[in-house]
$ cat query-v5.txt   # compact mmCIF, C-alpha atoms
# COMPACT_ATOMS: atom_id res chain seq x y z
CA MET C 206 0.00 0.00 0.00
CA LEU C 207 1.21 3.46 -0.86
CA ASP C 208 1.74 6.31 1.62
CA ILE C 209 -1.02 8.92 1.21
CA LYS C 210 1.35 11.58 2.53
CA LEU C 211 3.77 10.89 -0.32
CA ILE C 212 0.93 10.83 -2.86
CA ARG C 213 -0.20 14.20 -1.54
CA GLU C 214 3.32 15.66 -1.72
CA GLN C 215 4.40 14.06 -5.03
CA THR C 216 1.12 13.75 -6.91
CA GLU C 217 2.56 14.01 -10.41
CA LEU C 218 5.21 11.37 -9.66
CA TYR C 219 2.51 8.87 -8.70
CA LYS C 220 0.33 9.78 -11.66
CA GLN C 221 3.27 9.22 -13.98
CA GLY C 222 3.88 5.88 -12.32
CA LEU C 223 0.35 4.81 -13.22
CA ARG C 224 0.75 6.13 -16.76
CA ASN C 225 3.93 4.08 -17.09
CA ARG C 226 1.84 1.06 -16.07
CA HIS C 227 -0.70 2.07 -18.75
CA MET C 228 -3.38 2.88 -16.18
CA GLU C 229 -5.73 5.80 -15.71
CA THR C 230 -4.78 8.37 -13.07
CA ASP C 231 -8.29 9.23 -11.82
CA ILE C 232 -7.75 7.09 -8.72
CA ILE C 233 -4.98 9.47 -7.58
CA ASP C 234 -7.36 12.43 -7.74
CA GLU C 235 -10.00 10.41 -5.89
CA VAL C 236 -7.72 9.48 -2.99
CA ILE C 237 -6.43 13.07 -2.72
CA ALA C 238 -10.04 14.34 -2.56
CA LEU C 239 -10.88 11.74 0.10
CA ASP C 240 -7.74 12.66 2.04
CA GLU C 241 -8.69 16.35 1.93
CA GLU C 242 -12.20 15.52 3.15
CA ARG C 243 -10.71 13.33 5.90
CA ARG C 244 -8.37 16.06 7.12
CA ALA C 245 -11.15 18.67 7.04
CA LEU C 246 -13.39 16.38 9.08
CA ILE C 247 -10.60 15.77 11.59
CA LEU C 248 -10.10 19.54 12.05
CA ASP C 249 -13.84 20.08 12.40
CA VAL C 250 -14.24 17.26 14.94
CA GLU C 251 -11.22 18.35 16.95
CA SER C 252 -12.43 21.96 16.96
CA LYS C 253 -15.88 20.96 18.19
CA LYS C 254 -14.43 18.64 20.82
CA ALA C 255 -12.21 21.47 22.06
CA GLU C 256 -15.26 23.73 22.21
CA ARG C 257 -17.18 21.08 24.17
CA ASN C 258 -14.32 20.69 26.65
CA ALA C 259 -14.06 24.45 27.16
CA VAL C 260 -17.81 24.87 27.67
CA SER C 261 -17.90 21.89 30.05
CA LYS C 262 -15.42 23.71 32.28
CA GLU C 263 -17.46 26.89 31.95
CA ILE C 264 -20.67 25.04 32.94
CA GLY C 265 -18.96 23.84 36.10
CA ARG C 266 -18.42 27.47 37.14
CA MET C 267 -21.93 28.69 36.33
CA LYS C 268 -24.20 29.59 39.22
CA ASP C 269 -27.31 30.55 37.27
CA LYS C 270 -29.36 27.34 36.93
CA THR C 271 -31.32 28.45 33.86
CA GLU C 272 -28.21 29.57 32.01
CA ARG C 273 -26.40 26.34 32.98
CA GLU C 274 -29.25 24.14 31.71
CA ALA C 275 -29.34 26.06 28.42
CA LYS C 276 -25.61 25.48 27.99
CA ILE C 277 -25.99 21.79 28.81
CA ALA C 278 -28.74 21.47 26.19
CA SER C 279 -26.57 23.18 23.58
CA MET C 280 -23.71 20.83 24.45
CA ARG C 281 -25.98 17.82 23.93
CA ALA C 282 -26.67 19.10 20.43
CA LEU C 283 -22.95 19.67 19.90
CA GLY C 284 -22.28 16.13 21.15
CA ASP C 285 -24.76 14.73 18.65
CA GLU C 286 -23.04 16.71 15.91
CA ILE C 287 -19.63 15.36 16.99
CA ASP C 288 -20.96 11.80 16.97
CA SER C 289 -22.32 12.32 13.47
CA LEU C 290 -19.00 13.75 12.26
CA ASP C 291 -17.07 10.90 13.89
CA GLU C 292 -19.26 8.40 12.04
CA LYS C 293 -18.77 10.27 8.77
CA LEU C 294 -15.02 10.37 9.37
CA LYS C 295 -14.92 6.60 9.85
CA GLY C 296 -16.70 6.15 6.52
CA VAL C 297 -14.34 8.49 4.67
CA GLU C 298 -11.28 6.81 6.23
CA ALA C 299 -12.61 3.40 5.17
CA ASP C 300 -13.22 4.66 1.62
CA LEU C 301 -9.71 6.14 1.49
CA TYR C 302 -8.14 2.92 2.76
CA ASN C 303 -10.08 0.81 0.27
CA GLN C 304 -9.11 3.08 -2.62
CA LEU C 305 -5.44 3.05 -1.62
CA ALA C 306 -5.59 -0.75 -1.51
CA THR C 307 -6.36 -0.84 -5.26
CA ILE C 308 -3.39 1.31 -6.36
CA PRO C 309 -0.33 -0.68 -7.50
CA ASN C 310 3.21 0.00 -6.38
CA LEU C 311 5.20 2.80 -7.97
CA PRO C 312 7.66 1.44 -10.59
CA ASP C 313 11.35 2.01 -9.93
CA PRO C 314 12.90 4.61 -12.29
CA ASP C 315 15.14 1.80 -13.64
CA VAL C 316 12.14 -0.20 -14.89
CA PRO C 317 11.83 0.07 -18.69
CA ILE C 318 8.50 1.38 -19.96
CA GLY C 319 6.66 -1.21 -22.02
CA LEU C 320 3.28 -2.72 -22.80
CA ASP C 321 3.84 -6.33 -21.73
CA ASP C 322 6.42 -9.11 -21.31
CA LYS C 323 7.57 -8.63 -24.92
CA ASP C 324 9.15 -5.38 -23.75
CA ASN C 325 11.17 -7.00 -20.97
CA VAL C 326 14.90 -6.39 -21.37
CA VAL C 327 17.40 -9.27 -21.47
CA ILE C 328 20.21 -8.32 -19.08
CA ARG C 329 22.43 -11.37 -19.59
CA THR C 330 22.38 -14.94 -20.86
CA ILE C 331 24.46 -17.62 -19.16
CA GLY C 332 25.44 -20.75 -21.07
CA GLU C 333 24.73 -21.99 -24.57
CA LYS C 334 21.67 -23.80 -25.80
CA LYS C 335 22.47 -27.50 -25.76
CA VAL C 336 23.06 -29.07 -29.17
CA PHE C 337 21.69 -32.60 -29.68
CA ASP C 338 22.58 -35.11 -32.38
CA PHE C 339 18.92 -36.12 -32.39
CA GLU C 340 15.65 -34.23 -32.24
CA PRO C 341 14.92 -33.55 -28.54
CA LYS C 342 11.47 -34.51 -27.35
CA PRO C 343 9.15 -32.26 -25.36
CA HIS C 344 8.34 -33.34 -21.81
CA TRP C 345 4.77 -34.26 -22.77
CA ASP C 346 6.24 -37.08 -24.87
CA LEU C 347 9.23 -37.94 -22.67
CA GLY C 348 7.27 -38.25 -19.43
CA PRO C 349 4.49 -40.62 -20.54
CA GLU C 350 6.92 -42.79 -22.54
CA LEU C 351 9.07 -43.24 -19.42
CA GLY C 352 6.04 -43.80 -17.20
CA ILE C 353 6.85 -40.84 -14.94
CA ILE C 354 4.08 -38.39 -15.95
CA ASP C 355 0.43 -39.36 -16.32
CA PHE C 356 -1.65 -36.57 -17.81
CA ASP C 357 -4.76 -38.73 -18.19
CA ALA C 358 -4.75 -39.58 -14.48
CA GLY C 359 -4.55 -35.88 -13.62
CA VAL C 360 -7.61 -35.17 -15.75
CA LYS C 361 -9.41 -38.17 -14.27
CA LEU C 362 -8.72 -36.99 -10.72
CA SER C 363 -9.14 -33.24 -11.03
CA GLY C 364 -9.79 -32.09 -14.58
CA SER C 365 -7.80 -30.21 -17.19
CA ARG C 366 -4.43 -28.65 -16.29
CA PHE C 367 -3.65 -31.33 -13.70
CA PHE C 368 -1.20 -34.24 -13.96
CA VAL C 369 0.25 -37.03 -11.86
CA LEU C 370 3.97 -37.64 -11.33
CA GLU C 371 4.86 -41.21 -10.49
CA GLY C 372 7.87 -43.37 -9.77
CA ALA C 373 11.14 -41.67 -10.64
CA GLY C 374 9.23 -38.59 -11.82
CA ALA C 375 7.75 -38.01 -8.38
CA ARG C 376 11.15 -38.63 -6.80
CA LEU C 377 12.85 -36.21 -9.19
CA GLU C 378 10.36 -33.46 -8.25
CA ARG C 379 10.99 -34.14 -4.56
CA ALA C 380 14.75 -34.19 -5.10
CA LEU C 381 14.61 -30.78 -6.78
CA ILE C 382 12.63 -29.33 -3.86
CA PHE C 383 14.95 -30.78 -1.22
CA TRP C 384 18.09 -29.72 -3.07
CA MET C 385 16.85 -26.15 -3.63
CA LEU C 386 15.89 -25.73 0.04
CA ASP C 387 19.30 -27.03 1.14
CA LEU C 388 21.03 -24.68 -1.30
CA HIS C 389 19.14 -21.65 0.00
CA MET C 390 19.93 -22.56 3.59
CA ARG C 391 23.62 -22.64 2.64
CA GLN C 392 23.08 -19.19 1.11
CA GLY C 393 21.90 -17.91 4.49
CA TYR C 394 18.12 -18.41 4.40
CA ARG C 395 16.15 -19.87 7.29
CA GLU C 396 13.70 -22.60 6.29
CA PHE C 397 10.00 -22.38 7.15
CA TYR C 398 7.18 -24.82 6.54
CA PRO C 399 4.05 -22.62 6.69
CA PRO C 400 0.35 -23.49 6.32
CA TRP C 401 -0.91 -23.67 2.75
CA MET C 402 -4.16 -21.96 3.75
CA VAL C 403 -4.27 -18.51 5.34
CA ARG C 404 -6.77 -15.97 6.63
CA GLN C 405 -8.13 -13.16 4.48
CA GLU C 406 -6.06 -10.48 6.24
CA VAL C 407 -2.87 -12.35 5.36
CA MET C 408 -3.87 -12.36 1.69
CA PHE C 409 -4.52 -8.63 1.94
CA ALA C 410 -1.21 -7.97 3.71
CA SER C 411 0.76 -9.64 0.92
CA GLY C 412 -1.09 -7.68 -1.78
CA GLN C 413 -3.13 -10.57 -3.17
CA LEU C 414 -6.45 -9.06 -2.11
CA PRO C 415 -8.49 -7.36 -3.35
CA LYS C 416 -6.65 -7.28 -6.70
CA PHE C 417 -6.43 -11.03 -7.40
CA ALA C 418 -9.57 -12.35 -5.71
CA ASP C 419 -10.77 -14.00 -8.94
CA ASN C 420 -7.50 -15.95 -9.29
CA LEU C 421 -7.47 -17.39 -5.75
CA TYR C 422 -9.05 -20.53 -4.34
CA HIS C 423 -11.20 -19.81 -1.30
CA ASP C 424 -13.00 -22.00 1.23
CA ALA C 425 -15.87 -19.65 2.06
CA GLU C 426 -17.17 -21.77 4.93
CA GLU C 427 -13.97 -21.48 6.95
CA ASP C 428 -12.67 -18.31 5.24
CA TYR C 429 -9.42 -20.05 4.32
CA TRP C 430 -7.53 -18.89 1.24
CA PHE C 431 -5.21 -21.36 -0.50
CA VAL C 432 -1.81 -19.77 -1.00
CA PRO C 433 -0.81 -18.83 -4.58
CA THR C 434 2.81 -18.65 -3.40
CA ALA C 435 4.78 -19.04 -0.15
CA GLU C 436 5.35 -15.29 -0.36
CA VAL C 437 1.91 -14.92 1.25
CA PRO C 438 2.54 -16.75 4.56
CA LEU C 439 6.13 -15.48 4.67
CA THR C 440 4.71 -11.95 4.64
CA GLY C 441 2.00 -12.77 7.14
CA ILE C 442 4.33 -14.45 9.62
CA MET C 443 5.67 -10.99 10.58
CA MET C 444 2.34 -9.09 10.52
CA GLY C 445 2.21 -6.46 13.25
CA GLU C 446 5.78 -7.18 14.39
CA VAL C 447 8.66 -4.81 15.13
CA VAL C 448 12.21 -5.94 14.28
CA ASP C 449 15.41 -4.44 15.65
CA GLU C 450 17.56 -2.86 12.95
CA ALA C 451 20.49 -5.01 14.07
CA ASP C 452 18.50 -8.16 13.17
CA LEU C 453 18.00 -7.12 9.53
CA PRO C 454 18.12 -8.53 6.96
CA LEU C 455 15.94 -11.55 7.71
CA ASN C 456 16.25 -14.22 5.01
CA LEU C 457 13.49 -16.84 4.76
CA THR C 458 12.85 -19.77 2.45
CA ALA C 459 9.91 -22.15 2.20
CA TYR C 460 8.41 -24.84 0.03
CA THR C 461 4.67 -24.90 -0.62
CA ALA C 462 2.29 -26.17 -3.19
CA CYS C 463 0.72 -23.16 -4.91
CA PHE C 464 -2.87 -22.79 -6.09
CA ARG C 465 -4.05 -20.35 -8.76
CA ARG C 466 -7.01 -20.12 -11.10
CA GLU C 467 -5.19 -19.98 -14.41
CA LYS C 468 -7.13 -18.35 -17.25
CA MET C 469 -5.87 -20.38 -20.16
CA SER C 470 -6.83 -21.08 -23.75
CA ALA C 471 -5.99 -24.21 -25.68
CA GLY C 472 -2.78 -24.42 -27.68
CA ARG C 473 0.94 -25.10 -27.60
CA ASP C 474 1.63 -22.36 -25.04
CA VAL C 475 -0.17 -24.27 -22.30
CA ARG C 476 0.44 -27.85 -23.37
CA GLY C 477 1.98 -30.26 -20.86
CA MET C 478 3.04 -29.07 -17.40
CA LYS C 479 3.95 -25.46 -18.14
CA ARG C 480 0.85 -23.96 -16.53
CA GLY C 481 -1.59 -25.44 -14.09
CA HIS C 482 -3.90 -24.70 -11.20
CA GLN C 483 -1.55 -26.43 -8.72
CA PHE C 484 2.25 -26.44 -8.74
CA ASP C 485 5.22 -26.68 -6.38
CA LYS C 486 7.58 -23.82 -5.65
CA VAL C 487 10.48 -22.99 -3.37
CA GLU C 488 10.35 -19.35 -2.31
CA MET C 489 12.97 -16.90 -1.04
CA TYR C 490 11.89 -13.90 1.04
CA LYS C 491 13.71 -10.99 2.66
CA TYR C 492 13.02 -8.27 5.21
CA CYS C 493 15.67 -5.55 5.01
CA LEU C 494 16.42 -1.86 5.51
CA PRO C 495 15.00 0.28 2.67
CA GLU C 496 18.44 1.69 1.84
CA ASN C 497 19.81 -1.85 1.32
CA ALA C 498 16.98 -3.05 -0.93
CA GLU C 499 18.83 -2.82 -4.25
CA GLN C 500 21.82 -4.70 -2.84
CA GLU C 501 19.56 -7.41 -1.40
CA LEU C 502 17.64 -7.66 -4.69
CA ASN C 503 20.86 -8.29 -6.60
CA LYS C 504 21.88 -10.93 -4.06
CA MET C 505 18.52 -12.69 -4.40
CA VAL C 506 18.88 -12.72 -8.19
CA ALA C 507 22.33 -14.29 -7.74
CA ASP C 508 20.92 -16.86 -5.30
CA ALA C 509 18.21 -17.89 -7.78
CA ALA C 510 20.73 -17.95 -10.63
CA ALA C 511 22.96 -20.28 -8.59
CA THR C 512 20.09 -22.76 -8.61
CA CYS C 513 20.07 -22.78 -12.42
CA GLU C 514 23.85 -23.06 -12.53
CA GLY C 515 23.89 -25.93 -10.05
CA LEU C 516 21.48 -27.83 -12.29
CA GLY C 517 23.57 -27.08 -15.36
CA LEU C 518 20.77 -25.18 -17.11
CA THR C 519 21.22 -22.43 -19.67
CA TYR C 520 19.37 -19.38 -18.38
CA ARG C 521 18.86 -15.69 -18.92
CA VAL C 522 17.99 -12.77 -16.65
CA LEU C 523 15.46 -10.17 -17.79
CA LEU C 524 14.33 -6.87 -16.29
CA GLN C 525 10.55 -6.63 -16.42
CA SER C 526 8.94 -3.69 -18.18
CA THR C 527 6.22 -1.58 -16.57
CA GLY C 528 3.59 -3.48 -18.58
CA ASP C 529 4.65 -6.82 -17.07
CA LEU C 530 5.30 -5.59 -13.53
CA SER C 531 3.10 -7.23 -10.89
CA PHE C 532 0.70 -5.25 -8.70
CA GLY C 533 2.99 -5.05 -5.67
CA SER C 534 6.36 -4.88 -7.40
CA HIS C 535 8.66 -1.87 -7.46
CA LYS C 536 11.21 -3.67 -9.64
CA THR C 537 11.37 -7.27 -10.88
CA TYR C 538 13.90 -9.51 -12.59
CA ASP C 539 12.77 -12.72 -14.32
CA ILE C 540 14.95 -15.78 -14.73
CA GLU C 541 14.14 -18.04 -17.67
CA VAL C 542 15.68 -21.42 -18.50
CA TRP C 543 16.00 -22.92 -21.97
CA ALA C 544 13.89 -26.02 -22.61
CA PRO C 545 15.04 -27.65 -25.87
CA GLY C 546 12.08 -30.00 -26.24
CA VAL C 547 9.44 -27.28 -26.29
CA GLN C 548 11.97 -24.86 -27.84
CA GLU C 549 11.12 -22.13 -25.33
CA TRP C 550 12.55 -19.99 -22.60
CA LEU C 551 10.52 -20.91 -19.50
CA GLU C 552 10.19 -18.50 -16.59
CA VAL C 553 11.23 -20.26 -13.38
CA SER C 554 11.67 -17.24 -11.12
CA SER C 555 10.53 -13.65 -10.66
CA ILE C 556 12.61 -11.76 -8.09
CA SER C 557 11.02 -8.55 -6.88
CA ASN C 558 11.77 -5.57 -4.69
CA ILE C 559 8.40 -4.74 -3.12
CA GLY C 560 9.66 -1.69 -1.25
CA GLN C 561 7.50 -0.86 1.78
CA PHE C 562 4.30 -1.72 -0.09
CA GLN C 563 3.60 -4.99 1.77
CA ALA C 564 5.04 -3.73 5.07
CA ARG C 565 2.46 -0.92 5.18
CA ARG C 566 -0.39 -3.35 4.55
CA ALA C 567 0.98 -5.82 7.11
CA ASN C 568 2.23 -3.17 9.58
CA ILE C 569 5.75 -4.58 9.77
CA LYS C 570 8.31 -2.12 11.16
CA TYR C 571 11.87 -1.97 12.42
CA ARG C 572 13.34 -0.11 15.38
CA PRO C 573 16.29 2.05 14.22
CA SER C 574 19.46 1.56 16.24
CA GLY C 575 19.70 5.31 16.88
CA GLY C 576 16.44 5.29 18.82
CA SER C 577 14.41 7.29 16.30
CA ALA C 578 10.77 6.53 15.39
CA LEU C 579 9.76 3.12 14.07
CA GLN C 580 10.05 2.72 10.29
CA TYR C 581 8.54 0.29 7.79
CA VAL C 582 10.81 -2.51 6.60
CA ASN C 583 11.48 -3.29 2.95
CA THR C 584 10.39 -6.69 1.61
CA LEU C 585 11.65 -8.72 -1.34
CA ASN C 586 10.64 -12.09 -2.73
CA GLY C 587 11.67 -14.49 -5.44
CA SER C 588 11.19 -18.04 -6.63
CA GLY C 589 14.11 -20.31 -6.03
CA LEU C 590 12.85 -22.03 -8.17
CA GLY C 591 9.36 -22.71 -9.45
CA LEU C 592 8.26 -26.16 -10.49
CA PRO C 593 7.27 -27.88 -12.71
CA ARG C 594 9.04 -25.67 -15.28
CA THR C 595 12.38 -26.44 -13.66
CA LEU C 596 11.49 -30.14 -13.89
CA ILE C 597 10.62 -29.65 -17.57
CA ALA C 598 14.00 -28.03 -18.25
CA VAL C 599 15.88 -30.82 -16.43
CA MET C 600 14.00 -33.56 -18.30
CA GLU C 601 14.43 -31.97 -21.71
CA ASN C 602 18.07 -30.89 -21.30
CA TYR C 603 19.23 -34.21 -19.84
CA GLN C 604 17.41 -36.50 -22.27
CA GLN C 605 19.32 -39.00 -24.38
CA ALA C 606 18.70 -40.41 -27.84
CA ASP C 607 17.06 -43.57 -26.44
CA GLY C 608 14.49 -41.50 -24.54
CA SER C 609 16.15 -41.91 -21.14
CA ILE C 610 16.96 -38.99 -18.81
CA VAL C 611 20.27 -38.58 -16.99
CA ILE C 612 19.97 -37.24 -13.44
CA PRO C 613 21.97 -34.02 -12.80
CA GLU C 614 24.96 -34.63 -10.51
CA VAL C 615 23.64 -32.46 -7.66
CA LEU C 616 20.42 -34.47 -7.51
CA LYS C 617 21.90 -37.98 -7.61
CA PRO C 618 22.39 -38.23 -3.82
CA LEU C 619 18.66 -37.61 -3.43
CA MET C 620 17.49 -40.11 -6.04
CA GLY C 621 18.04 -43.36 -4.10
CA GLY C 622 20.56 -44.79 -6.54
CA ILE C 623 18.76 -43.76 -9.73
CA ASP C 624 21.33 -42.16 -12.05
CA VAL C 625 19.33 -42.54 -15.25
CA ILE C 626 15.55 -42.75 -15.70
CA ARG C 627 14.84 -45.48 -18.27
CA LYS C 628 11.78 -47.21 -19.66
$ encode --input "query-v5.txt" --output "structure tokens"
Amino acid sequence: MLDIKLIREQTELYKQGLRNRHMETDIIDEVIALDEERRALILDVESKKAERNAVSKEIGRMKDKTEREAKIASMRALGDEIDSLDEKLKGVEADLYNQLATIPNLPDPDVPIGLDDKDNVVIRTIGEKKVFDFEPKPHWDLGPELGIIDFDAGVKLSGSRFFVLEGAGARLERALIFWMLDLHMRQGYREFYPPWMVRQEVMFASGQLPKFADNLYHDAEEDYWFVPTAEVPLTGIMMGEVVDEADLPLNLTAYTACFRREKMSAGRDVRGMKRGHQFDKVEMYKYCLPENAEQELNKMVADAAATCEGLGLTYRVLLQSTGDLSFGSHKTYDIEVWAPGVQEWLEVSSISNIGQFQARRANIKYRPSGGSALQYVNTLNGSGLGLPRTLIAVMENYQQADGSIVIPEVLKPLMGGIDVIRK
């Protein structure tokens, strides 16, 4: 959530930020008008309360009964007016809060202006696309032929965009998760295993609500929301907390299944396991000082990139344009890996500096070492990495001419003696 004080003081900056996101700026004028009404109401209420207090003291000194009763009657009327203004003020404050909750984060000046992901800028590419002496198969052929992916069973159980991993396929997914968590712990992250369902206020704190309500799975009876990413509980775990400056940064990592209502059309772009309503992901999350955010963002990008390098995958890092930037992001880098079977770059991580956007919604602050007033922390998040696209890239890059798949060296200790997946 944005700071209304900053919007008031730097109105044109925030309007330009929305224009860069290709959005209308009317909402900025609306929140400024609500803020002006709120401040006017506060002054009016405070003035009338001061008047009531002064007259109350005056009444106590009055000796004329008739005059005193007249003053008391007038104060009752003033009290009713104050109550009415207080009620109106609550309504205006609620409207202001709700409007602010719909405004996205301000893009960083470094973010390139663009319409969508086609305008993202490739920063660097690491490695060369693997050359095969045979035509590499896509995972939707490799998996079923090896008996490690069953798309029909997924449809039978749950419907379209679901699948079942079995045998060595299930173990390979689990090995990737375990290995990535262990890697991030070596990088200095503390592992968490949070609930996969959270309360509505946690969804709001992380920026998922109200913006993405239509894309979330919700148990209305219990008011549980299924997490679309571990970023949500890793934000919520610190809601309402105050951290000492000396304890920052806090580095967290977690594995969760993720649940999202994907709006998809038929075709090659969504064939196989690339997009689904349920998927696994290992998340990285940071709480840090605002002045260290850029440094911590670069470190998180390096930590995610190390995951690709450890798996021997060719990857590239892109800087998202304003048209691709998520609702809560101030600045985001994507990491994509090359999948030779589908002949595509697949996004396996988005690493974002969220600024103080989530911290304001979640009321997460730090106590400066100098003893000054509490300040909001800065939060960052990134996938490290997302599955099943990482699994797709491993399968397709490590396939052999006979249809078998060689297990990457770093995963072999976790595969129970399986070095090669064969028919």
$ closest_atom_pairs --input "query-v5.txt" --of "segment 473-564 of chain C" --to "segment 568-579 of chain C" --cutoff "12 Å" --atoms "only C-alpha atoms" --output "tab-separated table"
residue	atom	partner	partner_atom	distance
C:Tyr492	CA	C:Ile569	CA	9.3
C:Cys493	CA	C:Tyr571	CA	9.1
C:Leu494	CA	C:Tyr571	CA	8.3
C:Pro495	CA	C:Tyr571	CA	10.5
C:Gln561	CA	C:Ile569	CA	9.0
C:Phe562	CA	C:Asn568	CA	10.0
C:Gln563	CA	C:Asn568	CA	8.1
C:Ala564	CA	C:Ile569	CA	4.8
$ atom_distance --input "query-v5.txt" --atom1 "atom CA of Val506 of chain C" --atom2 "atom CA of Tyr538 of chain C"
7.4 Å
$ closest_residue --input "query-v5.txt" --among "C:Pro438, C:Gly546, C:Gly528, C:Gly589" --to "Thr512 of chain C" --atoms "only C-alpha atoms"
C:Gly589
$ closest_residue --input "query-v5.txt" --among "C:Lys486, C:Arg594, C:Lys276, C:Lys342" --to "Ala606 of chain C" --atoms "only C-alpha atoms"
C:Lys342
$ closest_residue --input "query-v5.txt" --among "C:Arg226, C:Lys220, C:Lys504, C:Arg213" --to "Leu530 of chain C" --atoms "all atoms listed in the file"
C:Arg226
$ closest_residue --input "query-v5.txt" --among "C:Val407, C:Val522, C:Leu218, C:Leu551" --to "Pro314 of chain C" --atoms "only C-alpha atoms"
C:Leu218
$ closest_atom_pairs --input "query-v5.txt" --of "segment 462-510 of chain C" --to "segment 360-376 of chain C" --cutoff "8 Å" --atoms "all atoms listed in the file" --output "Markdown table"
| residue | atom | partner | partner_atom | distance |
| --- | --- | --- | --- | --- |
| C:Met478 | CA | C:Phe368 | CA | 7.5 |
| C:Arg480 | CA | C:Arg366 | CA | 7.1 |
| C:Gly481 | CA | C:Arg366 | CA | 4.8 |
| C:His482 | CA | C:Arg366 | CA | 6.5 |
| C:Gln483 | CA | C:Phe367 | CA | 7.3 |
$ atom_distance --input "query-v5.txt" --atom1 "atom CA of Lys295 of chain C" --atom2 "atom CA of Ala425 of chain C"
27.4 Å
$ build_atoms --input "query-v5.txt" --residues "segment 210-227 of chain C" --atoms "N, CA and C atoms" --output "PDB file, in the frame of the given file"
ATOM      1  N   LYS C 210       0.585  10.347   2.353  1.00  0.00           N
ATOM      2  CA  LYS C 210       1.350  11.580   2.530  1.00  0.00           C
ATOM      3  C   LYS C 210       2.262  11.821   1.331  1.00  0.00           C
ATOM      4  N   LEU C 211       2.895  10.748   0.840  1.00  0.00           N
ATOM      5  CA  LEU C 211       3.770  10.890  -0.320  1.00  0.00           C
ATOM      6  C   LEU C 211       2.968  11.174  -1.589  1.00  0.00           C
ATOM      7  N   ILE C 212       1.801  10.548  -1.704  1.00  0.00           N
ATOM      8  CA  ILE C 212       0.930  10.830  -2.860  1.00  0.00           C
ATOM      9  C   ILE C 212       0.523  12.297  -2.858  1.00  0.00           C
ATOM     10  N   ARG C 213       0.216  12.804  -1.680  1.00  0.00           N
ATOM     11  CA  ARG C 213      -0.200  14.200  -1.540  1.00  0.00           C
ATOM     12  C   ARG C 213       0.949  15.143  -1.913  1.00  0.00           C
ATOM     13  N   GLU C 214       2.166  14.782  -1.507  1.00  0.00           N
ATOM     14  CA  GLU C 214       3.320  15.660  -1.720  1.00  0.00           C
ATOM     15  C   GLU C 214       3.936  15.506  -3.111  1.00  0.00           C
ATOM     16  N   GLN C 215       3.781  14.325  -3.726  1.00  0.00           N
ATOM     17  CA  GLN C 215       4.400  14.060  -5.030  1.00  0.00           C
ATOM     18  C   GLN C 215       3.355  13.507  -6.001  1.00  0.00           C
ATOM     19  N   THR C 216       2.268  14.221  -6.123  1.00  0.00           N
ATOM     20  CA  THR C 216       1.120  13.750  -6.910  1.00  0.00           C
ATOM     21  C   THR C 216       1.501  13.392  -8.338  1.00  0.00           C
ATOM     22  N   GLU C 217       2.232  14.252  -9.002  1.00  0.00           N
ATOM     23  CA  GLU C 217       2.560  14.010 -10.410  1.00  0.00           C
ATOM     24  C   GLU C 217       3.451  12.782 -10.574  1.00  0.00           C
ATOM     25  N   LEU C 218       4.344  12.544  -9.612  1.00  0.00           N
ATOM     26  CA  LEU C 218       5.210  11.370  -9.660  1.00  0.00           C
ATOM     27  C   LEU C 218       4.361  10.083  -9.651  1.00  0.00           C
ATOM     28  N   TYR C 219       3.352  10.056  -8.796  1.00  0.00           N
ATOM     29  CA  TYR C 219       2.510   8.870  -8.700  1.00  0.00           C
ATOM     30  C   TYR C 219       1.589   8.726  -9.912  1.00  0.00           C
ATOM     31  N   LYS C 220       1.121   9.847 -10.440  1.00  0.00           N
ATOM     32  CA  LYS C 220       0.330   9.780 -11.660  1.00  0.00           C
ATOM     33  C   LYS C 220       1.158   9.252 -12.820  1.00  0.00           C
ATOM     34  N   GLN C 221       2.398   9.703 -12.910  1.00  0.00           N
ATOM     35  CA  GLN C 221       3.270   9.220 -13.980  1.00  0.00           C
ATOM     36  C   GLN C 221       3.555   7.743 -13.819  1.00  0.00           C
ATOM     37  N   GLY C 222       3.680   7.302 -12.563  1.00  0.00           N
ATOM     38  CA  GLY C 222       3.880   5.880 -12.320  1.00  0.00           C
ATOM     39  C   GLY C 222       2.737   5.041 -12.855  1.00  0.00           C
ATOM     40  N   LEU C 223       1.501   5.524 -12.674  1.00  0.00           N
ATOM     41  CA  LEU C 223       0.350   4.810 -13.220  1.00  0.00           C
ATOM     42  C   LEU C 223       0.328   4.882 -14.742  1.00  0.00           C
ATOM     43  N   ARG C 224       0.689   6.030 -15.289  1.00  0.00           N
ATOM     44  CA  ARG C 224       0.750   6.130 -16.760  1.00  0.00           C
ATOM     45  C   ARG C 224       1.769   5.155 -17.321  1.00  0.00           C
ATOM     46  N   ASN C 225       2.904   5.025 -16.630  1.00  0.00           N
ATOM     47  CA  ASN C 225       3.930   4.080 -17.090  1.00  0.00           C
ATOM     48  C   ASN C 225       3.434   2.640 -17.038  1.00  0.00           C
ATOM     49  N   ARG C 226       2.468   2.390 -16.140  1.00  0.00           N
ATOM     50  CA  ARG C 226       1.840   1.060 -16.070  1.00  0.00           C
ATOM     51  C   ARG C 226       0.642   0.961 -17.017  1.00  0.00           C
ATOM     52  N   HIS C 227       0.398   2.019 -17.790  1.00  0.00           N
ATOM     53  CA  HIS C 227      -0.700   2.070 -18.750  1.00  0.00           C
ATOM     54  C   HIS C 227      -2.050   2.014 -18.039  1.00  0.00           C
TER      55      HIS C 227
END
